[in-house]
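This is my_file.tsv (TSV, C-alpha atoms).
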chain	number	residue	atom	x	y	z
X	69	MET	CA	-23.41	-2.51	12.21
X	70	ASP	CA	-22.41	-1.43	15.70
X	71	SER	CA	-20.39	-3.54	18.12
X	72	ALA	CA	-23.47	-4.68	20.02
X	73	GLY	CA	-24.96	-6.01	16.82
X	74	ARG	CA	-21.77	-7.92	16.00
X	75	ASP	CA	-21.38	-9.35	19.50
X	76	GLY	CA	-24.97	-10.59	19.77
X	77	PRO	CA	-24.84	-13.52	17.32
X	78	VAL	CA	-21.32	-14.46	18.37
X	79	GLY	CA	-22.36	-14.57	22.01
X	80	GLY	CA	-25.35	-16.70	21.13
X	81	ARG	CA	-23.23	-19.26	19.33
X	82	ARG	CA	-20.76	-19.36	22.19
X	83	SER	CA	-23.51	-20.02	24.74
X	84	GLN	CA	-24.96	-22.83	22.62
X	85	ALA	CA	-21.58	-24.50	22.31
X	86	GLU	CA	-20.97	-24.21	26.03
X	87	GLY	CA	-24.37	-25.78	26.67
X	88	ARG	CA	-23.46	-28.80	24.58
X	89	SER	CA	-20.17	-29.16	26.46
X	90	ALA	CA	-21.89	-29.00	29.82
X	91	GLY	CA	-24.42	-31.59	28.70
X	92	GLY	CA	-21.57	-33.92	27.80
X	93	GLN	CA	-20.04	-33.57	31.23
X	94	ARG	CA	-23.34	-34.62	32.84
X	95	ARG	CA	-23.05	-38.10	31.32
X	96	SER	CA	-22.64	-41.08	33.69
X	97	SER	CA	-19.17	-42.14	34.86
X	98	SER	CA	-19.37	-45.40	32.95
X	99	ALA	CA	-20.10	-43.62	29.68
X	100	ALA	CA	-17.17	-41.26	30.19
X	101	GLY	CA	-14.87	-44.16	31.08
X	102	SER	CA	-15.98	-46.13	28.02
X	103	SER	CA	-15.24	-43.14	25.77
X	104	ALA	CA	-11.78	-42.65	27.26
X	105	ALA	CA	-10.98	-46.35	26.84
X	106	GLY	CA	-12.01	-46.18	23.22
X	107	ARG	CA	-9.74	-43.20	22.60
X	108	ASP	CA	-6.79	-45.00	24.27
X	109	SER	CA	-7.36	-48.09	22.12
X	110	ALA	CA	-7.45	-45.96	18.97
X	111	ARG	CA	-4.17	-44.29	19.96
X	112	ARG	CA	-2.48	-47.66	20.49
X	113	ASP	CA	-3.69	-48.88	17.07
X	114	SER	CA	-2.42	-45.70	15.46
X	115	ALA	CA	0.98	-46.03	17.15
X	116	GLY	CA	1.28	-49.61	15.92
X	117	ARG	CA	0.53	-48.57	12.34
X	118	GLU	CA	3.12	-45.77	12.51
X	119	ALA	CA	5.79	-48.17	13.82
X	120	ALA	CA	5.08	-50.66	11.03
X	121	ALA	CA	5.27	-47.89	8.43
X	122	HIS	CA	8.60	-46.72	9.88
X	123	ARG	CA	10.07	-50.24	9.66
X	124	SER	CA	9.07	-50.47	5.98
X	125	ARG	CA	10.80	-47.22	4.96
X	126	PRO	CA	14.01	-47.54	2.92
X	127	PRO	CA	17.19	-46.47	4.73
X	128	ARG	CA	18.28	-42.85	4.28
X	129	PRO	CA	21.27	-42.55	1.93
X	130	PRO	CA	24.58	-41.78	3.63
X	131	GLY	CA	25.94	-38.23	3.80
X	132	PRO	CA	24.89	-35.01	5.46
X	133	ARG	CA	21.40	-33.66	4.98
X	134	PRO	CA	21.08	-30.52	2.85
X	135	PRO	CA	20.54	-27.50	5.09
X	136	PRO	CA	17.03	-26.05	5.10
X	137	LEU	CA	16.47	-22.86	3.15
X	138	VAL	CA	16.42	-20.10	5.76
X	139	ALA	CA	15.13	-16.55	5.38
X	140	GLY	CA	18.57	-15.18	4.56
X	141	ASP	CA	19.01	-17.72	1.76
X	142	ARG	CA	15.61	-16.87	0.33
X	143	LEU	CA	16.47	-13.18	0.35
X	144	ALA	CA	19.80	-13.86	-1.36
X	145	GLU	CA	18.02	-15.92	-4.01
X	146	GLN	CA	15.51	-13.13	-4.51
X	147	ARG	CA	18.29	-10.56	-4.92
X	148	ARG	CA	20.06	-12.78	-7.47
X	149	ALA	CA	16.85	-13.00	-9.48
X	150	GLU	CA	16.36	-9.24	-9.27
X	151	ARG	CA	19.91	-8.55	-10.48
X	152	SER	CA	19.34	-10.72	-13.53
X	153	VAL	CA	16.74	-8.36	-15.06
X	154	PRO	CA	18.10	-7.54	-18.55
X	155	LEU	CA	18.73	-3.93	-19.44
X	156	PRO	CA	17.32	-2.42	-22.64
X	157	ASP	CA	19.92	-1.24	-25.11
X	158	ASP	CA	18.92	2.39	-24.74
X	159	ALA	CA	19.24	2.49	-20.93
X	160	ASP	CA	22.13	4.96	-20.92
X	161	PRO	CA	23.44	5.61	-17.37
X	162	ARG	CA	24.56	9.08	-18.49
X	163	ARG	CA	20.90	10.10	-18.67
X	164	LEU	CA	20.49	9.76	-14.93
X	165	ASP	CA	19.79	12.92	-12.96
X	166	PRO	CA	23.20	14.30	-11.84
X	167	GLU	CA	22.04	14.68	-8.25
X	168	VAL	CA	21.10	11.00	-8.09
X	169	GLY	CA	24.36	10.12	-9.82
X	170	ARG	CA	26.31	11.79	-7.02
X	171	GLU	CA	24.56	9.50	-4.52
X	172	LEU	CA	25.92	6.49	-6.41
X	173	ARG	CA	29.54	7.49	-5.82
X	174	SER	CA	29.65	5.19	-2.79
X	175	LEU	CA	29.47	2.25	-5.22
X	176	SER	CA	32.18	0.93	-7.49
X	177	ALA	CA	32.23	2.52	-10.93
X	178	ALA	CA	30.94	-0.59	-12.69
X	179	THR	CA	28.16	-1.13	-10.14
X	180	ALA	CA	27.20	2.54	-10.20
X	181	ASP	CA	26.85	2.43	-13.99
X	182	ARG	CA	24.61	-0.63	-13.84
X	183	VAL	CA	22.47	0.84	-11.06
X	184	ALA	CA	22.16	4.09	-13.01
X	185	ALA	CA	21.08	2.22	-16.13
X	186	HIS	CA	18.38	0.36	-14.21
X	187	LEU	CA	17.15	3.63	-12.69
X	188	VAL	CA	16.97	5.21	-16.13
X	189	ALA	CA	15.03	2.20	-17.45
X	190	ALA	CA	12.68	2.37	-14.45
X	191	GLY	CA	11.99	6.05	-14.98
X	192	ARG	CA	11.21	5.59	-18.65
X	193	ALA	CA	8.80	2.70	-18.01
X	194	LEU	CA	7.04	4.19	-15.01
X	195	ASP	CA	3.97	5.59	-16.74
X	196	GLU	CA	3.39	2.99	-19.44
X	197	ASP	CA	4.53	-0.20	-17.67
X	198	PRO	CA	4.79	0.23	-13.88
X	199	ALA	CA	5.50	-3.48	-13.36
X	200	ARG	CA	8.55	-3.31	-15.63
X	201	ALA	CA	9.64	-0.09	-13.92
X	202	LEU	CA	9.43	-1.87	-10.57
X	203	ALA	CA	11.51	-4.78	-11.87
X	204	HIS	CA	14.29	-2.38	-12.91
X	205	ALA	CA	14.08	-0.48	-9.63
X	206	ARG	CA	14.37	-3.74	-7.71
X	207	ALA	CA	17.40	-4.65	-9.82
X	208	ALA	CA	18.97	-1.33	-8.81
X	209	ARG	CA	18.18	-2.11	-5.17
X	210	ALA	CA	19.82	-5.52	-5.42
X	211	LEU	CA	23.02	-3.76	-6.47
X	212	GLY	CA	22.87	-0.57	-4.42
X	213	GLY	CA	20.31	-1.01	-1.65
X	214	ARG	CA	22.09	1.34	0.75
X	215	VAL	CA	21.61	4.36	-1.51
X	216	GLY	CA	18.65	6.51	-0.57
X	217	ALA	CA	17.76	7.46	-4.14
X	218	VAL	CA	17.62	3.78	-5.07
X	219	ARG	CA	15.21	2.90	-2.26
X	220	GLU	CA	13.14	5.94	-3.22
X	221	ALA	CA	12.96	4.71	-6.81
X	222	VAL	CA	11.73	1.30	-5.66
X	223	GLY	CA	9.11	2.93	-3.45
X	224	VAL	CA	7.79	5.19	-6.19
X	225	ALA	CA	7.69	2.36	-8.73
X	226	ALA	CA	5.96	0.05	-6.25
X	227	TYR	CA	3.37	2.76	-5.62
X	228	HIS	CA	2.62	3.08	-9.33
X	229	ALA	CA	2.50	-0.71	-9.70
X	230	GLY	CA	-0.03	-1.02	-6.87
X	231	GLU	CA	2.41	-2.77	-4.52
X	232	TYR	CA	1.50	-0.49	-1.65
X	233	ALA	CA	3.01	-2.45	1.25
X	234	GLU	CA	6.36	-2.61	-0.54
X	235	ALA	CA	6.10	1.08	-1.39
X	236	ILE	CA	5.64	1.95	2.28
X	237	ALA	CA	8.64	-0.15	3.32
X	238	GLU	CA	10.90	1.32	0.65
X	239	LEU	CA	9.86	4.95	1.12
X	240	ARG	CA	10.40	4.62	4.86
X	241	ALA	CA	13.82	3.13	4.21
X	242	ALA	CA	14.63	6.03	1.89
X	243	ARG	CA	13.64	8.50	4.58
X	244	ARG	CA	15.82	6.77	7.17
X	245	ILE	CA	18.77	7.12	4.80
X	246	THR	CA	18.16	10.63	3.51
X	247	GLY	CA	16.10	12.22	6.27
X	248	SER	CA	13.82	13.79	3.65
X	249	PRO	CA	10.02	13.84	4.24
X	250	GLU	CA	9.23	14.58	0.60
X	251	HIS	CA	7.32	11.35	0.02
X	252	LEU	CA	4.87	11.73	2.91
X	253	PRO	CA	1.98	12.22	0.44
X	254	LEU	CA	2.78	8.89	-1.23
X	255	LEU	CA	3.10	7.16	2.14
X	256	ALA	CA	-0.27	8.50	3.23
X	257	ASP	CA	-1.90	7.48	-0.04
X	258	CYS	CA	-0.47	3.96	0.29
X	259	GLU	CA	-2.09	3.67	3.71
X	260	ARG	CA	-5.40	4.73	2.18
X	261	ALA	CA	-4.99	2.20	-0.61
X	262	LEU	CA	-4.47	-0.53	1.98
X	263	GLY	CA	-7.72	0.46	3.69
X	264	ARG	CA	-6.05	2.19	6.64
X	265	PRO	CA	-7.35	5.81	6.62
X	266	ASP	CA	-6.46	6.31	10.28
X	267	ARG	CA	-2.81	5.60	9.50
X	268	ALA	CA	-3.01	7.91	6.49
X	269	LEU	CA	-4.09	10.72	8.82
X	270	GLN	CA	-1.20	9.90	11.16
X	271	VAL	CA	1.20	10.29	8.24
X	272	ALA	CA	-0.44	13.62	7.37
X	273	ARG	CA	0.27	14.83	10.91
X	274	ASP	CA	3.96	13.92	10.67
X	275	PRO	CA	6.11	16.83	11.96
X	276	GLY	CA	8.15	16.61	8.77
X	277	ALA	CA	5.15	17.79	6.77
X	278	SER	CA	5.97	21.36	7.72
X	279	GLY	CA	9.18	21.03	5.70
X	280	LEU	CA	7.44	20.04	2.47
X	281	ASP	CA	7.25	22.42	-0.45
X	282	GLN	CA	3.86	23.89	-1.29
X	283	ALA	CA	3.00	21.36	-3.99
X	284	ALA	CA	3.71	18.42	-1.67
X	285	ARG	CA	1.72	20.04	1.14
X	286	VAL	CA	-1.25	20.36	-1.20
X	287	GLU	CA	-0.94	16.70	-2.21
X	288	LEU	CA	-0.85	15.69	1.45
X	289	LYS	CA	-4.00	17.74	2.14
X	290	ILE	CA	-5.77	16.02	-0.75
X	291	VAL	CA	-4.87	12.59	0.63
X	292	ALA	CA	-5.93	13.59	4.15
X	293	SER	CA	-9.27	14.81	2.80
X	294	GLY	CA	-9.78	11.48	1.07
X	295	ALA	CA	-8.98	9.64	4.30
X	296	ARG	CA	-11.64	11.67	6.08
X	297	ARG	CA	-14.14	10.63	3.45
X	298	ASP	CA	-13.07	7.00	3.88
X	299	LEU	CA	-14.00	7.39	7.54
X	300	GLY	CA	-17.40	8.84	6.65
X	301	GLN	CA	-16.42	12.34	7.76
X	302	ALA	CA	-17.68	14.33	4.78
X	303	GLU	CA	-17.60	17.80	6.34
X	304	ALA	CA	-14.15	17.18	7.83
X	305	ALA	CA	-12.99	16.23	4.33
X	306	VAL	CA	-14.12	19.64	3.08
X	307	LEU	CA	-12.38	21.45	5.94
X	308	ALA	CA	-9.14	19.54	5.32
X	309	LEU	CA	-8.76	21.25	1.94
X	310	GLN	CA	-9.49	24.78	3.03
X	311	GLY	CA	-6.65	27.23	3.49
X	312	PRO	CA	-4.62	29.86	1.68
X	313	GLU	CA	-3.71	27.49	-1.17
X	314	LEU	CA	-7.38	27.04	-2.04
X	315	THR	CA	-8.07	30.75	-2.45
X	316	ALA	CA	-4.68	31.85	-3.80
X	317	ALA	CA	-4.88	34.43	-6.59
X	318	THR	CA	-2.13	32.72	-8.58
X	319	VAL	CA	-2.96	29.55	-10.51
X	320	THR	CA	-0.17	26.93	-10.34
X	321	ASP	CA	0.36	23.39	-11.62
X	322	TRP	CA	-1.37	21.90	-8.57
X	323	THR	CA	-4.34	24.30	-8.54
X	324	PRO	CA	-6.67	22.18	-10.76
X	325	ARG	CA	-6.09	19.12	-8.60
X	326	LEU	CA	-6.81	20.99	-5.39
X	327	TRP	CA	-9.93	22.63	-6.77
X	328	TYR	CA	-11.14	19.33	-8.20
X	329	ALA	CA	-10.64	17.58	-4.86
X	330	TYR	CA	-12.50	20.38	-3.12
X	331	ALA	CA	-15.41	20.17	-5.56
X	332	ASP	CA	-15.54	16.41	-5.09
X	333	ALA	CA	-15.53	16.76	-1.30
X	334	LEU	CA	-18.33	19.36	-1.45
X	335	LEU	CA	-20.39	17.04	-3.61
X	336	ALA	CA	-19.88	14.15	-1.19
X	337	ALA	CA	-21.05	16.44	1.62
X	338	GLY	CA	-24.24	17.21	-0.29
X	339	ARG	CA	-23.25	20.78	-1.14
X	340	VAL	CA	-24.08	20.44	-4.82
X	341	ASP	CA	-24.33	24.10	-5.84
X	342	GLU	CA	-20.91	24.88	-4.38
X	343	ALA	CA	-19.45	21.76	-5.98
X	344	ARG	CA	-20.77	22.90	-9.35
X	345	GLN	CA	-18.99	26.26	-8.98
X	346	TRP	CA	-15.66	24.65	-8.15
X	347	PHE	CA	-15.89	22.11	-10.97
X	348	LEU	CA	-16.52	25.05	-13.30
X	349	ALA	CA	-13.42	26.78	-11.92
X	350	VAL	CA	-11.39	23.64	-12.67
X	351	VAL	CA	-12.65	23.55	-16.26
X	352	THR	CA	-11.57	27.13	-16.84
X	353	THR	CA	-8.03	26.51	-15.56
X	354	ASP	CA	-7.28	22.90	-16.53
X	355	GLU	CA	-6.08	23.58	-20.06
X	356	ASP	CA	-4.39	20.18	-20.35
X	357	ASP	CA	-7.52	18.25	-19.30
X	358	THR	CA	-5.75	16.51	-16.45
X	359	THR	CA	-9.10	15.96	-14.70
X	360	ASP	CA	-12.60	14.92	-15.75
X	361	ALA	CA	-14.11	18.10	-14.33
X	362	ALA	CA	-15.96	18.86	-17.57
X	363	GLU	CA	-17.69	15.46	-17.47
X	364	ARG	CA	-18.54	15.88	-13.79
X	365	LEU	CA	-20.00	19.32	-14.49
X	366	ALA	CA	-22.08	17.95	-17.34
X	367	ALA	CA	-23.39	15.17	-15.10
X	368	LEU	CA	-24.43	17.73	-12.51
X	369	ALA	CA	-26.29	19.71	-15.17
X	370	VAL	CA	-28.22	16.61	-16.23
X	371	ALA	CA	-28.98	15.59	-12.65
X	372	GLY	CA	-30.36	19.00	-11.79
X	373	PRO	CA	-29.83	21.20	-8.74
X	374	ASN	CA	-29.19	19.84	-5.28
X	375	ASP	CA	-28.83	16.23	-6.34
X	376	PRO	CA	-25.95	14.68	-4.35
X	377	GLU	CA	-26.35	11.41	-6.20
X	378	SER	CA	-24.83	12.93	-9.32
X	379	GLY	CA	-21.32	12.59	-7.95
X	380	GLY	CA	-20.89	9.16	-9.57
Can you give me the file's structure in the form of structure tokens?
Amino acid sequence: MDSAGRDGPVGGRRSQAEGRSAGGQRRSSSAAGSSAAGRDSARRDSAGREAAAHRSRPPRPPGPRPPPLVAGDRLAEQRRAERSVPLPDDADPRRLDPEVGRELRSLSAATADRVAAHLVAAGRALDEDPARALAHARAARALGGRVGAVREAVGVAAYHAGEYAEAIAELRAARRITGSPEHLPLLADCERALGRPDRALQVARDPGASGLDQAARVELKIVASGARRDLGQAEAAVLALQGPELTAATVTDWTPRLWYAYADALLAAGRVDEARQWFLAVVTTDEDDTTDAAERLAALAVAGPNDPESGG
């Protein structure tokens, strides 16, 4: 519905309410005075009841009042709870990636070992139990929150666990520490997941995107194309995926995903015959069945030619 359609009913309700108010003001002076007197009497009765209730309260015990729990206290309590996450017996800190291990050198040896163990546990649980992975990543953050790799781990785990707002905060913190734009695709996808496609497109236009490797650039293009579709811009979604990566002669790890996204965008734009060709291309290259291109192609065959409703 357009803005005029939304404003119409709201305006009508506002006018009706204003009419009732104006009608009330046209009452006689005596009626208005009687109403005010009644309200004053009610306030006096209420004040008397409150005073009587106050007199009947037992005296407060001697001693200082406990201080209220402020935001800093709540955060400290949260961090204590996060640190208490038990480690599995097989979380060996020596299994941590050496590059990440070097980032932990700013911590004491004992703390670094515990952080490393939590990161190892988080990495192992990421695919099968994202919530448990996030718990271990948060435990690492509670111990070493100033380490970029730790904040990155929390962000990635939060993304997989569906905690998209937390993922955005942590991945941004990691970038402030490390300066690396490598997680721009995840940031953009989090914005999409939160229903903010415009912000996803802003992330895709980040100047740091030019410094991404080819695989990450392709992922960012896929997310940007999805954001265009979220905005109802089907043809723009197709254009967002076009470029040298789409027509490259060499097939890489990310090729099936890019071709699949392109086929899906074509289908959403009503270009069914072209979509069928690209789904077929995915089937011939996706040896590990990382997509459902074969099922999508079969659905198109059943639906018949030029049937955009077969996209599912």
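For the residues X:Ala349, X:Ala316, X:Ala242, X:Asp266, ranking by smallest atom-to-atom distance to Gly300 of chain X using all atoms listed in the file places X:Asp266 first.
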Smallest atom-to-atom distance to Asp341 of chain X: which of X:Thr323, X:Ala237, X:Leu307, X:Ala369, using only C-alpha atoms? X:Ala369
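The nearest approach to Gly263 of chain X among the residues X:Tyr330, X:Tyr232, X:Trp346, X:Trp322, with all atoms listed in the file taken into account, belongs to X:Tyr232.
Of the listed residues (X:Gly212, X:Pro253, X:Gly294, X:Gly223), X:Gly212 comes nearest to Arg173 of chain X; the distances count all atoms listed in the file.
The coordinates place atom CA of Val291 of chain X at 19.9 Å from atom CA of Gly338 of chain X.
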Name the closest residue to Tyr328 of chain X among the candidates X:Arg296, X:Arg244, X:His186, X:Arg364; distances are taken between atoms, counting all atoms listed in the file. X:Arg364
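The interatomic distance for the pair atom CA of Arg163 of chain X and atom CA of Cys258 of chain X works out to 29.2 Å.
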Who sits within 9 Å of segment 143-159 of chain X, all atoms listed in the file, same chain under 6 positions skipped, as a PDB file with C-alpha atoms, keeping the file's coordinate frame:
ATOM      1  CA  ARG X 182      24.610  -0.630 -13.840  1.00  0.00           C
ATOM      2  CA  ALA X 184      22.160   4.090 -13.010  1.00  0.00           C
ATOM      3  CA  ALA X 185      21.080   2.220 -16.130  1.00  0.00           C
ATOM      4  CA  HIS X 186      18.380   0.360 -14.210  1.00  0.00           C
ATOM      5  CA  LEU X 187      17.150   3.630 -12.690  1.00  0.00           C
ATOM      6  CA  VAL X 188      16.970   5.210 -16.130  1.00  0.00           C
ATOM      7  CA  ALA X 189      15.030   2.200 -17.450  1.00  0.00           C
ATOM      8  CA  ARG X 192      11.210   5.590 -18.650  1.00  0.00           C
ATOM      9  CA  ALA X 203      11.510  -4.780 -11.870  1.00  0.00           C
ATOM     10  CA  HIS X 204      14.290  -2.380 -12.910  1.00  0.00           C
ATOM     11  CA  ARG X 206      14.370  -3.740  -7.710  1.00  0.00           C
ATOM     12  CA  ALA X 207      17.400  -4.650  -9.820  1.00  0.00           C
ATOM     13  CA  ALA X 208      18.970  -1.330  -8.810  1.00  0.00           C
ATOM     14  CA  ARG X 209      18.180  -2.110  -5.170  1.00  0.00           C
ATOM     15  CA  ALA X 210      19.820  -5.520  -5.420  1.00  0.00           C
ATOM     16  CA  LEU X 211      23.020  -3.760  -6.470  1.00  0.00           C
TER      17      LEU X 211
END
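We find atom CA of Pro198 of chain X and atom CA of His228 of chain X to be spaced 5.8 Å apart.
Remark: residues at most 10 Å from position (-0.9, -3.7, 4.7) in file coordinates are Glu231, Tyr232, Ala233, Glu234, Ile236, Cys258, Glu259, Arg260, Ala261, Leu262, Gly263 and Arg264 of chain X, using all atoms listed in the file.
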Applying 12 Å and only C-alpha atoms, which residues near Glu287 of chain X remain after dropping the ones on its own chain fewer than 3 positions away? List them as an MDAnalysis selection string. chainID X and resid 250:257 272 277 280:284 290:294 308:309 313 321:327 329
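Of the residues listed (X:Glu303, X:Asp165, X:Glu238, X:Glu171), X:Glu303 shows the shortest atom-to-atom separation from Ala337 of chain X; distances use all atoms listed in the file.
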If we count all atoms listed in the file and set the cut-off at 10 Å, which residues sit around Asp197 of chain X, ignoring sequence neighbours fewer than 6 positions away in its own chain? Please answer as number ranges by chain. X: 190, 225, 228-229
